[in-house]
Amino acid sequence: MGLLDNFERGLERAVNGAFAKTFKSGLAPIEITSALRRELDTKAAVVSRERILVPNKFLVRLGRTDYQRMTGIGPTLIDELTQLVQTHATAQGYQFAGGISIRLSEDTGLSEGMIRVDSENVKGEVIWTPVLDVAGRRYPIMKARTVIGRGGDADITIDDTGTSRKHVEVLWDGKRAQVNDLGSTNGSQLNGEPLTKALLDPDSIITIGRTRIVFRVLAQSADVDQPSTRLRSDRERGTGQ
């Protein structure tokens, strides 16, 4: 399950600053999501009958305490926010001029629980970044073949006795993804159906044992850090897999 999935049902009732009273530790991620959604809706510009343009570059300003807490979550938060902005835009029929870029910034003029979002339309190259959300962790797909299982020689090792040492593989050719069961003992499912081999659509759910794996594709701006860089940073801090 993704970092923000537990909050998604409450998005419509989220108001900037309202959750600060509930979360004693300060701002909650859902409030940033809500602020970004409002920014999209407010800045949506009808260019033609078939085209509604919205900002794709966002600077999220936070007070010092909230900024430290949010950046402490790591790059997964930015990936989740990017995914939810992309999902909201798709649902509303919005379009972007380029890839989505979201950056957090400390603003000492803001008190705890407050958010200020600056946005703009920036034309540029879109980089489609495939990721796998596995048991609450996000793994960028960085090579053509990614093996998932409980064995130490798997690319993504999971702690689930209901899975085989090499349970499934995800193949990525730069444009499309495919998932194959590797002859596992207990089998696999894709979106609730038995899986042997299948193409992966964005937001597809792979289930192996008790583990839920979500395949996502993020539309990111070419000028943001790429997954390999972010993953290295996580490892240097001792938080990566």
# chains A, B, ... in the order shown; residues from 1 in each chain; ligands from 1

call {"tool": "residues_around", "arguments": {"residues": "Arg116 of chain A", "least_positions_apart": "3", "cutoff": "8 Å", "atoms": "only C-alpha atoms", "output": "list in words"}}
result
Val60, Arg61 and Leu62 of chain A

call {"tool": "write_last_selection", "arguments": {"atoms": "N, CA and C atoms", "output": "CSV table (one decimal), in the first residue's frame"}}
result
chain,number,residue,atom,x,y,z
A,60,VAL,N,6.1,23.7,-3.3
A,60,VAL,CA,5.2,23.6,-2.1
A,60,VAL,C,6.0,24.2,-0.9
A,61,ARG,N,5.5,25.4,-0.4
A,61,ARG,CA,6.2,26.1,0.7
A,61,ARG,C,5.6,25.6,2.0
A,62,LEU,N,6.5,25.3,3.0
A,62,LEU,CA,6.1,24.8,4.3
A,62,LEU,C,6.9,25.5,5.4

call {"tool": "residues_around", "arguments": {"residues": "Arg37 of chain A", "least_positions_apart": "5", "cutoff": "9 Å", "atoms": "only C-alpha atoms", "output": "NGL selection string"}}
result
:A and (32 or 42 or 84-85 or 88-89)

call {"tool": "residues_around", "arguments": {"residues": "Leu53 of chain A", "least_positions_apart": "2", "cutoff": "10 Å", "atoms": "only C-alpha atoms", "output": "MDAnalysis selection string"}}
result
chainID A and resid 40 43:48 50:51 55:56 89 93:97 121

call {"tool": "write_last_selection", "arguments": {"atoms": "N, CA, C and O atoms", "output": "PDB file, in the first residue's frame"}}
result
ATOM      1  N   LEU A  40      -4.478  22.708  -9.023  1.00  0.00           N
ATOM      2  CA  LEU A  40      -4.833  22.264 -10.367  1.00  0.00           C
ATOM      3  C   LEU A  40      -6.213  22.802 -10.767  1.00  0.00           C
ATOM      4  O   LEU A  40      -6.392  23.346 -11.868  1.00  0.00           O
ATOM      5  N   LYS A  43      -6.196  26.712 -11.235  1.00  0.00           N
ATOM      6  CA  LYS A  43      -5.405  27.224 -12.358  1.00  0.00           C
ATOM      7  C   LYS A  43      -5.765  26.582 -13.698  1.00  0.00           C
ATOM      8  O   LYS A  43      -5.135  26.899 -14.712  1.00  0.00           O
ATOM      9  N   ALA A  44      -6.735  25.693 -13.722  1.00  0.00           N
ATOM     10  CA  ALA A  44      -7.112  25.031 -14.970  1.00  0.00           C
ATOM     11  C   ALA A  44      -7.573  26.061 -15.995  1.00  0.00           C
ATOM     12  O   ALA A  44      -8.439  26.900 -15.713  1.00  0.00           O
ATOM     13  N   ALA A  45      -6.994  26.011 -17.186  1.00  0.00           N
ATOM     14  CA  ALA A  45      -7.316  26.967 -18.252  1.00  0.00           C
ATOM     15  C   ALA A  45      -7.849  26.215 -19.468  1.00  0.00           C
ATOM     16  O   ALA A  45      -7.182  25.324 -19.999  1.00  0.00           O
ATOM     17  N   VAL A  46      -9.056  26.592 -19.905  1.00  0.00           N
ATOM     18  CA  VAL A  46      -9.658  25.948 -21.068  1.00  0.00           C
ATOM     19  C   VAL A  46      -9.046  26.553 -22.331  1.00  0.00           C
ATOM     20  O   VAL A  46      -9.309  27.704 -22.680  1.00  0.00           O
ATOM     21  N   VAL A  47      -8.211  25.783 -23.001  1.00  0.00           N
ATOM     22  CA  VAL A  47      -7.540  26.236 -24.217  1.00  0.00           C
ATOM     23  C   VAL A  47      -8.416  25.982 -25.438  1.00  0.00           C
ATOM     24  O   VAL A  47      -8.492  26.797 -26.350  1.00  0.00           O
ATOM     25  N   SER A  48      -9.074  24.841 -25.448  1.00  0.00           N
ATOM     26  CA  SER A  48      -9.988  24.492 -26.526  1.00  0.00           C
ATOM     27  C   SER A  48     -11.003  23.507 -25.964  1.00  0.00           C
ATOM     28  O   SER A  48     -10.952  23.129 -24.788  1.00  0.00           O
ATOM     29  N   GLU A  50     -11.231  20.441 -26.411  1.00  0.00           N
ATOM     30  CA  GLU A  50     -10.610  19.172 -26.027  1.00  0.00           C
ATOM     31  C   GLU A  50      -9.396  19.333 -25.134  1.00  0.00           C
ATOM     32  O   GLU A  50      -8.760  18.346 -24.779  1.00  0.00           O
ATOM     33  N   ARG A  51      -9.042  20.561 -24.769  1.00  0.00           N
ATOM     34  CA  ARG A  51      -7.782  20.754 -24.045  1.00  0.00           C
ATOM     35  C   ARG A  51      -7.957  21.709 -22.864  1.00  0.00           C
ATOM     36  O   ARG A  51      -8.289  22.885 -23.058  1.00  0.00           O
ATOM     37  N   PRO A  55      -1.104  23.632 -14.513  1.00  0.00           N
ATOM     38  CA  PRO A  55       0.333  23.728 -14.187  1.00  0.00           C
ATOM     39  C   PRO A  55       0.960  22.347 -14.018  1.00  0.00           C
ATOM     40  O   PRO A  55       0.286  21.389 -13.632  1.00  0.00           O
ATOM     41  N   ASN A  56       2.248  22.274 -14.303  1.00  0.00           N
ATOM     42  CA  ASN A  56       2.963  21.008 -14.125  1.00  0.00           C
ATOM     43  C   ASN A  56       4.208  21.156 -13.244  1.00  0.00           C
ATOM     44  O   ASN A  56       4.869  20.180 -12.931  1.00  0.00           O
ATOM     45  N   ALA A  89      -5.472  14.771 -12.411  1.00  0.00           N
ATOM     46  CA  ALA A  89      -5.536  15.418 -13.721  1.00  0.00           C
ATOM     47  C   ALA A  89      -6.232  14.519 -14.741  1.00  0.00           C
ATOM     48  O   ALA A  89      -7.061  14.984 -15.533  1.00  0.00           O
ATOM     49  N   GLY A  93      -9.722  15.288 -16.755  1.00  0.00           N
ATOM     50  CA  GLY A  93      -9.509  15.593 -18.165  1.00  0.00           C
ATOM     51  C   GLY A  93      -8.515  16.716 -18.394  1.00  0.00           C
ATOM     52  O   GLY A  93      -8.520  17.353 -19.450  1.00  0.00           O
ATOM     53  N   TYR A  94      -7.633  16.970 -17.416  1.00  0.00           N
ATOM     54  CA  TYR A  94      -6.619  18.012 -17.540  1.00  0.00           C
ATOM     55  C   TYR A  94      -5.420  17.498 -18.339  1.00  0.00           C
ATOM     56  O   TYR A  94      -5.161  16.293 -18.390  1.00  0.00           O
ATOM     57  N   GLN A  95      -4.673  18.430 -18.914  1.00  0.00           N
ATOM     58  CA  GLN A  95      -3.456  18.081 -19.633  1.00  0.00           C
ATOM     59  C   GLN A  95      -2.306  18.962 -19.163  1.00  0.00           C
ATOM     60  O   GLN A  95      -2.519  20.097 -18.726  1.00  0.00           O
ATOM     61  N   PHE A  96      -1.081  18.430 -19.258  1.00  0.00           N
ATOM     62  CA  PHE A  96       0.122  19.150 -18.862  1.00  0.00           C
ATOM     63  C   PHE A  96       0.945  19.524 -20.085  1.00  0.00           C
ATOM     64  O   PHE A  96       0.929  18.825 -21.098  1.00  0.00           O
ATOM     65  N   ALA A  97       1.679  20.623 -19.972  1.00  0.00           N
ATOM     66  CA  ALA A  97       2.563  21.043 -21.069  1.00  0.00           C
ATOM     67  C   ALA A  97       3.862  20.248 -21.059  1.00  0.00           C
ATOM     68  O   ALA A  97       4.573  20.192 -22.058  1.00  0.00           O
ATOM     69  N   ASN A 121       3.152  26.713 -15.662  1.00  0.00           N
ATOM     70  CA  ASN A 121       3.202  25.807 -16.806  1.00  0.00           C
ATOM     71  C   ASN A 121       4.593  25.880 -17.416  1.00  0.00           C
ATOM     72  O   ASN A 121       5.046  26.953 -17.800  1.00  0.00           O
TER      73      ASN A 121
END

call {"tool": "closest_residue", "arguments": {"among": "A:Asp133, A:Arg69, A:Asp173, A:Val217", "to": "Ile156 of chain A", "atoms": "only C-alpha atoms"}}
result
A:Asp133

call {"tool": "select_by_dssp", "arguments": {"residues": "segment 61-181 of chain A", "states": "helix (DSSP H, G or I)", "output": "ChimeraX atom specification"}}
result
/A:64-73,75-92

call {"tool": "closest_residue", "arguments": {"among": "A:Tyr67, A:Tyr139, A:Trp128, A:Trp172", "to": "Leu200 of chain A", "atoms": "only C-alpha atoms"}}
result
A:Trp172

call {"tool": "closest_atom_pairs", "arguments": {"of": "segment 34-137 of chain A", "to": "segment 142-151 of chain A", "cutoff": "12 Å", "atoms": "only C-alpha atoms", "output": "CSV"}}
result
residue,atom,partner,partner_atom,distance
A:Trp128,CA,A:Met142,CA,12.0
A:Thr129,CA,A:Met142,CA,9.0
A:Pro130,CA,A:Met142,CA,8.3
A:Val131,CA,A:Met142,CA,8.7
A:Leu132,CA,A:Thr146,CA,9.9
A:Asp133,CA,A:Ile148,CA,11.8
A:Val134,CA,A:Ile148,CA,9.5
A:Ala135,CA,A:Ile148,CA,12.0

call {"tool": "residues_around", "arguments": {"residues": "Gln83 of chain A", "least_positions_apart": "2", "cutoff": "10 Å", "atoms": "only C-alpha atoms", "output": "PyMOL selection string"}}
result
chain A and resi 77-81+85-89+100+216-220

call {"tool": "write_last_selection", "arguments": {"atoms": "all heavy atoms", "output": "compact mmCIF listing (two decimals), in the first residue's frame"}}
result
# COMPACT_ATOMS: atom_id res chain seq x y z
N LEU A 77 7.73 10.36 -0.81
CA LEU A 77 6.64 11.33 -0.69
C LEU A 77 6.44 12.08 -1.99
O LEU A 77 5.30 12.24 -2.46
CB LEU A 77 6.92 12.30 0.45
CG LEU A 77 5.90 13.45 0.60
CD1 LEU A 77 4.51 12.90 0.89
CD2 LEU A 77 6.33 14.42 1.70
N ILE A 78 7.52 12.55 -2.62
CA ILE A 78 7.41 13.28 -3.87
C ILE A 78 6.83 12.38 -4.96
O ILE A 78 5.98 12.81 -5.76
CB ILE A 78 8.78 13.83 -4.31
CG1 ILE A 78 9.32 14.83 -3.27
CG2 ILE A 78 8.69 14.50 -5.68
CD1 ILE A 78 8.44 16.05 -3.08
N ASP A 79 7.25 11.13 -4.99
CA ASP A 79 6.72 10.19 -5.98
C ASP A 79 5.22 9.98 -5.78
O ASP A 79 4.45 9.92 -6.73
CB ASP A 79 7.44 8.85 -5.89
CG ASP A 79 8.86 8.91 -6.44
OD1 ASP A 79 9.17 9.86 -7.17
OD2 ASP A 79 9.66 8.01 -6.13
N GLU A 80 4.79 9.86 -4.52
CA GLU A 80 3.38 9.68 -4.23
C GLU A 80 2.58 10.91 -4.63
O GLU A 80 1.50 10.81 -5.22
CB GLU A 80 3.18 9.40 -2.74
CG GLU A 80 3.67 8.04 -2.27
CD GLU A 80 2.69 6.93 -2.63
OE1 GLU A 80 1.61 7.22 -3.17
OE2 GLU A 80 3.03 5.76 -2.38
N LEU A 81 3.10 12.10 -4.32
CA LEU A 81 2.41 13.33 -4.68
C LEU A 81 2.30 13.46 -6.20
O LEU A 81 1.26 13.86 -6.73
CB LEU A 81 3.15 14.55 -4.10
CG LEU A 81 3.16 14.67 -2.58
CD1 LEU A 81 4.06 15.83 -2.15
CD2 LEU A 81 1.76 14.85 -2.03
N VAL A 85 -1.22 13.72 -8.24
CA VAL A 85 -1.48 14.85 -9.14
C VAL A 85 -1.83 14.33 -10.53
O VAL A 85 -2.78 14.80 -11.18
CB VAL A 85 -0.25 15.79 -9.19
CG1 VAL A 85 -0.35 16.74 -10.39
CG2 VAL A 85 -0.15 16.60 -7.91
N GLN A 86 -1.07 13.36 -10.98
CA GLN A 86 -1.31 12.77 -12.30
C GLN A 86 -2.69 12.10 -12.35
O GLN A 86 -3.44 12.26 -13.33
CB GLN A 86 -0.23 11.74 -12.59
CG GLN A 86 -0.31 11.07 -13.95
CD GLN A 86 0.85 10.11 -14.16
OE1 GLN A 86 1.99 10.39 -13.80
NE2 GLN A 86 0.56 8.95 -14.72
N THR A 87 -3.05 11.38 -11.30
CA THR A 87 -4.34 10.69 -11.24
C THR A 87 -5.50 11.69 -11.24
O THR A 87 -6.51 11.50 -11.94
CB THR A 87 -4.42 9.80 -9.99
OG1 THR A 87 -3.38 8.83 -10.03
CG2 THR A 87 -5.76 9.09 -9.89
N HIS A 88 -5.36 12.76 -10.47
CA HIS A 88 -6.41 13.78 -10.40
C HIS A 88 -6.58 14.46 -11.76
O HIS A 88 -7.71 14.69 -12.22
CB HIS A 88 -6.07 14.81 -9.33
CG HIS A 88 -7.12 15.88 -9.19
ND1 HIS A 88 -8.40 15.61 -8.77
CD2 HIS A 88 -7.07 17.22 -9.43
CE1 HIS A 88 -9.11 16.74 -8.74
NE2 HIS A 88 -8.32 17.71 -9.15
N ALA A 89 -5.47 14.77 -12.41
CA ALA A 89 -5.54 15.42 -13.72
C ALA A 89 -6.23 14.52 -14.74
O ALA A 89 -7.06 14.98 -15.53
CB ALA A 89 -4.13 15.78 -14.20
N ILE A 100 5.63 16.41 -14.78
CA ILE A 100 5.29 16.97 -13.47
C ILE A 100 6.54 17.11 -12.61
O ILE A 100 7.34 16.18 -12.50
CB ILE A 100 4.27 16.07 -12.75
CG1 ILE A 100 3.00 15.94 -13.60
CG2 ILE A 100 3.94 16.62 -11.36
CD1 ILE A 100 2.06 14.87 -13.09
N ARG A 216 3.17 1.26 -11.18
CA ARG A 216 2.79 2.63 -11.53
C ARG A 216 3.78 3.19 -12.54
O ARG A 216 4.93 2.76 -12.61
CB ARG A 216 2.75 3.53 -10.30
CG ARG A 216 1.87 3.04 -9.15
CD ARG A 216 1.81 4.08 -8.04
NE ARG A 216 1.25 3.58 -6.80
CZ ARG A 216 -0.06 3.51 -6.54
NH1 ARG A 216 -0.92 3.89 -7.47
NH2 ARG A 216 -0.50 3.05 -5.39
N VAL A 217 3.31 4.18 -13.31
CA VAL A 217 4.18 4.91 -14.22
C VAL A 217 4.00 6.39 -13.94
O VAL A 217 2.89 6.92 -14.07
CB VAL A 217 3.86 4.60 -15.70
CG1 VAL A 217 4.82 5.38 -16.61
CG2 VAL A 217 3.98 3.12 -15.98
N LEU A 218 5.08 7.05 -13.51
CA LEU A 218 5.02 8.47 -13.14
C LEU A 218 5.49 9.34 -14.29
O LEU A 218 6.54 9.09 -14.88
CB LEU A 218 5.89 8.72 -11.91
CG LEU A 218 5.64 7.83 -10.69
CD1 LEU A 218 6.57 8.22 -9.56
CD2 LEU A 218 4.18 7.93 -10.24
N ALA A 219 4.72 10.38 -14.61
CA ALA A 219 5.12 11.34 -15.64
C ALA A 219 5.91 12.45 -14.96
O ALA A 219 5.34 13.32 -14.30
CB ALA A 219 3.89 11.91 -16.33
N GLN A 220 7.22 12.41 -15.08
CA GLN A 220 8.07 13.36 -14.39
C GLN A 220 8.80 14.27 -15.37
O GLN A 220 9.05 13.91 -16.52
CB GLN A 220 9.09 12.62 -13.53
CG GLN A 220 8.43 11.81 -12.42
CD GLN A 220 9.45 11.12 -11.53
OE1 GLN A 220 10.40 10.53 -12.02
NE2 GLN A 220 9.23 11.19 -10.24

call {"tool": "select_by_dssp", "arguments": {"residues": "segment 9-214 of chain A", "states": "strand (DSSP E or B)", "output": "VMD selection string"}}
result
chain A and resid 45 to 48 51 to 53 57 to 62 94 to 95 100 to 106 115 to 120 126 to 134 137 to 140 145 to 149 156 to 157 168 to 172 177 to 181 188 to 190 193 to 195 197 to 200 204 to 208 211 to 214

call {"tool": "residues_around", "arguments": {"residues": "segment 178-190 of chain A", "least_positions_apart": "6", "cutoff": "8 Å", "atoms": "only C-alpha atoms", "output": "list of chain:residue names"}}
result
A:Gly162, A:Thr163, A:Ser164, A:Lys166, A:His167, A:Val168, A:Glu169, A:Val170, A:Leu171, A:Trp172, A:Thr196, A:Lys197, A:Ala198, A:Leu199, A:Leu200, A:Ser204, A:Ile205, A:Ile206, A:Thr207, A:Ile208, A:Gly209

call {"tool": "write_last_selection", "arguments": {"atoms": "N, CA, C and O atoms", "output": "PDB file, in the first residue's frame"}}
result
ATOM      1  N   GLY A 162       4.671 -17.100   2.106  1.00  0.00           N
ATOM      2  CA  GLY A 162       3.756 -17.622   1.099  1.00  0.00           C
ATOM      3  C   GLY A 162       4.253 -17.441  -0.316  1.00  0.00           C
ATOM      4  O   GLY A 162       3.563 -17.807  -1.268  1.00  0.00           O
ATOM      5  N   THR A 163       5.461 -16.911  -0.462  1.00  0.00           N
ATOM      6  CA  THR A 163       6.015 -16.684  -1.796  1.00  0.00           C
ATOM      7  C   THR A 163       7.219 -17.588  -2.028  1.00  0.00           C
ATOM      8  O   THR A 163       7.856 -18.064  -1.087  1.00  0.00           O
ATOM      9  N   SER A 164       7.534 -17.792  -3.292  1.00  0.00           N
ATOM     10  CA  SER A 164       8.705 -18.583  -3.662  1.00  0.00           C
ATOM     11  C   SER A 164       9.952 -17.708  -3.657  1.00  0.00           C
ATOM     12  O   SER A 164       9.854 -16.472  -3.629  1.00  0.00           O
ATOM     13  N   LYS A 166      12.059 -17.101  -6.040  1.00  0.00           N
ATOM     14  CA  LYS A 166      11.911 -16.247  -7.217  1.00  0.00           C
ATOM     15  C   LYS A 166      10.484 -16.455  -7.707  1.00  0.00           C
ATOM     16  O   LYS A 166      10.186 -17.427  -8.385  1.00  0.00           O
ATOM     17  N   HIS A 167       9.614 -15.515  -7.346  1.00  0.00           N
ATOM     18  CA  HIS A 167       8.176 -15.741  -7.537  1.00  0.00           C
ATOM     19  C   HIS A 167       7.678 -15.179  -8.872  1.00  0.00           C
ATOM     20  O   HIS A 167       7.048 -15.886  -9.661  1.00  0.00           O
ATOM     21  N   VAL A 168       7.944 -13.894  -9.118  1.00  0.00           N
ATOM     22  CA  VAL A 168       7.525 -13.267 -10.373  1.00  0.00           C
ATOM     23  C   VAL A 168       8.655 -12.394 -10.905  1.00  0.00           C
ATOM     24  O   VAL A 168       9.576 -12.011 -10.173  1.00  0.00           O
ATOM     25  N   GLU A 169       8.568 -12.087 -12.182  1.00  0.00           N
ATOM     26  CA  GLU A 169       9.485 -11.139 -12.788  1.00  0.00           C
ATOM     27  C   GLU A 169       8.688 -10.062 -13.495  1.00  0.00           C
ATOM     28  O   GLU A 169       7.605 -10.324 -14.043  1.00  0.00           O
ATOM     29  N   VAL A 170       9.215  -8.833 -13.476  1.00  0.00           N
ATOM     30  CA  VAL A 170       8.611  -7.723 -14.213  1.00  0.00           C
ATOM     31  C   VAL A 170       9.610  -7.299 -15.284  1.00  0.00           C
ATOM     32  O   VAL A 170      10.767  -6.984 -14.980  1.00  0.00           O
ATOM     33  N   LEU A 171       9.162  -7.315 -16.532  1.00  0.00           N
ATOM     34  CA  LEU A 171      10.002  -6.939 -17.657  1.00  0.00           C
ATOM     35  C   LEU A 171       9.604  -5.549 -18.140  1.00  0.00           C
ATOM     36  O   LEU A 171       8.413  -5.229 -18.224  1.00  0.00           O
ATOM     37  N   TRP A 172      10.586  -4.721 -18.456  1.00  0.00           N
ATOM     38  CA  TRP A 172      10.336  -3.344 -18.912  1.00  0.00           C
ATOM     39  C   TRP A 172      11.239  -3.058 -20.103  1.00  0.00           C
ATOM     40  O   TRP A 172      12.462  -3.188 -20.016  1.00  0.00           O
ATOM     41  N   THR A 196      -0.278 -16.041 -15.254  1.00  0.00           N
ATOM     42  CA  THR A 196       0.866 -16.772 -15.789  1.00  0.00           C
ATOM     43  C   THR A 196       1.805 -15.798 -16.483  1.00  0.00           C
ATOM     44  O   THR A 196       2.977 -15.691 -16.161  1.00  0.00           O
ATOM     45  N   LYS A 197       1.251 -15.057 -17.440  1.00  0.00           N
ATOM     46  CA  LYS A 197       2.003 -14.036 -18.170  1.00  0.00           C
ATOM     47  C   LYS A 197       1.001 -12.979 -18.633  1.00  0.00           C
ATOM     48  O   LYS A 197      -0.072 -13.326 -19.143  1.00  0.00           O
ATOM     49  N   ALA A 198       1.352 -11.700 -18.476  1.00  0.00           N
ATOM     50  CA  ALA A 198       0.426 -10.651 -18.905  1.00  0.00           C
ATOM     51  C   ALA A 198       1.149  -9.323 -19.023  1.00  0.00           C
ATOM     52  O   ALA A 198       2.153  -9.079 -18.347  1.00  0.00           O
ATOM     53  N   LEU A 199       0.613  -8.442 -19.883  1.00  0.00           N
ATOM     54  CA  LEU A 199       1.096  -7.073 -19.948  1.00  0.00           C
ATOM     55  C   LEU A 199       0.592  -6.327 -18.723  1.00  0.00           C
ATOM     56  O   LEU A 199      -0.490  -6.615 -18.199  1.00  0.00           O
ATOM     57  N   LEU A 200       1.378  -5.362 -18.271  1.00  0.00           N
ATOM     58  CA  LEU A 200       1.026  -4.586 -17.078  1.00  0.00           C
ATOM     59  C   LEU A 200       0.556  -3.202 -17.487  1.00  0.00           C
ATOM     60  O   LEU A 200       1.308  -2.420 -18.074  1.00  0.00           O
ATOM     61  N   SER A 204      -1.869  -1.479 -12.156  1.00  0.00           N
ATOM     62  CA  SER A 204      -2.193  -2.897 -12.022  1.00  0.00           C
ATOM     63  C   SER A 204      -1.700  -3.408 -10.668  1.00  0.00           C
ATOM     64  O   SER A 204      -0.683  -2.941 -10.142  1.00  0.00           O
ATOM     65  N   ILE A 205      -2.419  -4.378 -10.113  1.00  0.00           N
ATOM     66  CA  ILE A 205      -2.084  -4.930  -8.794  1.00  0.00           C
ATOM     67  C   ILE A 205      -1.701  -6.403  -8.941  1.00  0.00           C
ATOM     68  O   ILE A 205      -2.491  -7.216  -9.410  1.00  0.00           O
ATOM     69  N   ILE A 206      -0.474  -6.713  -8.547  1.00  0.00           N
ATOM     70  CA  ILE A 206       0.027  -8.089  -8.543  1.00  0.00           C
ATOM     71  C   ILE A 206      -0.028  -8.590  -7.104  1.00  0.00           C
ATOM     72  O   ILE A 206       0.439  -7.900  -6.193  1.00  0.00           O
ATOM     73  N   THR A 207      -0.574  -9.770  -6.905  1.00  0.00           N
ATOM     74  CA  THR A 207      -0.640 -10.341  -5.557  1.00  0.00           C
ATOM     75  C   THR A 207       0.130 -11.656  -5.532  1.00  0.00           C
ATOM     76  O   THR A 207      -0.151 -12.563  -6.328  1.00  0.00           O
ATOM     77  N   ILE A 208       1.105 -11.747  -4.630  1.00  0.00           N
ATOM     78  CA  ILE A 208       1.854 -12.988  -4.422  1.00  0.00           C
ATOM     79  C   ILE A 208       1.879 -13.246  -2.922  1.00  0.00           C
ATOM     80  O   ILE A 208       2.272 -12.392  -2.144  1.00  0.00           O
ATOM     81  N   GLY A 209       1.409 -14.430  -2.517  1.00  0.00           N
ATOM     82  CA  GLY A 209       1.305 -14.702  -1.085  1.00  0.00           C
ATOM     83  C   GLY A 209       0.405 -13.664  -0.426  1.00  0.00           C
ATOM     84  O   GLY A 209      -0.710 -13.392  -0.881  1.00  0.00           O
TER      85      GLY A 209
END

call {"tool": "closest_residue", "arguments": {"among": "A:Met114, A:Ala154, A:Ile52, A:Ile141", "to": "Ala35 of chain A", "atoms": "only C-alpha atoms"}}
result
A:Met114

call {"tool": "atom_distance", "arguments": {"atom1": "atom CA of Asp203 of chain A", "atom2": "atom CA of Gly152 of chain A"}}
result
26.7 Å

call {"tool": "closest_residue", "arguments": {"among": "A:Arg38, A:Arg49, A:Arg212, A:Arg64", "to": "Leu104 of chain A", "atoms": "only C-alpha atoms"}}
result
A:Arg64
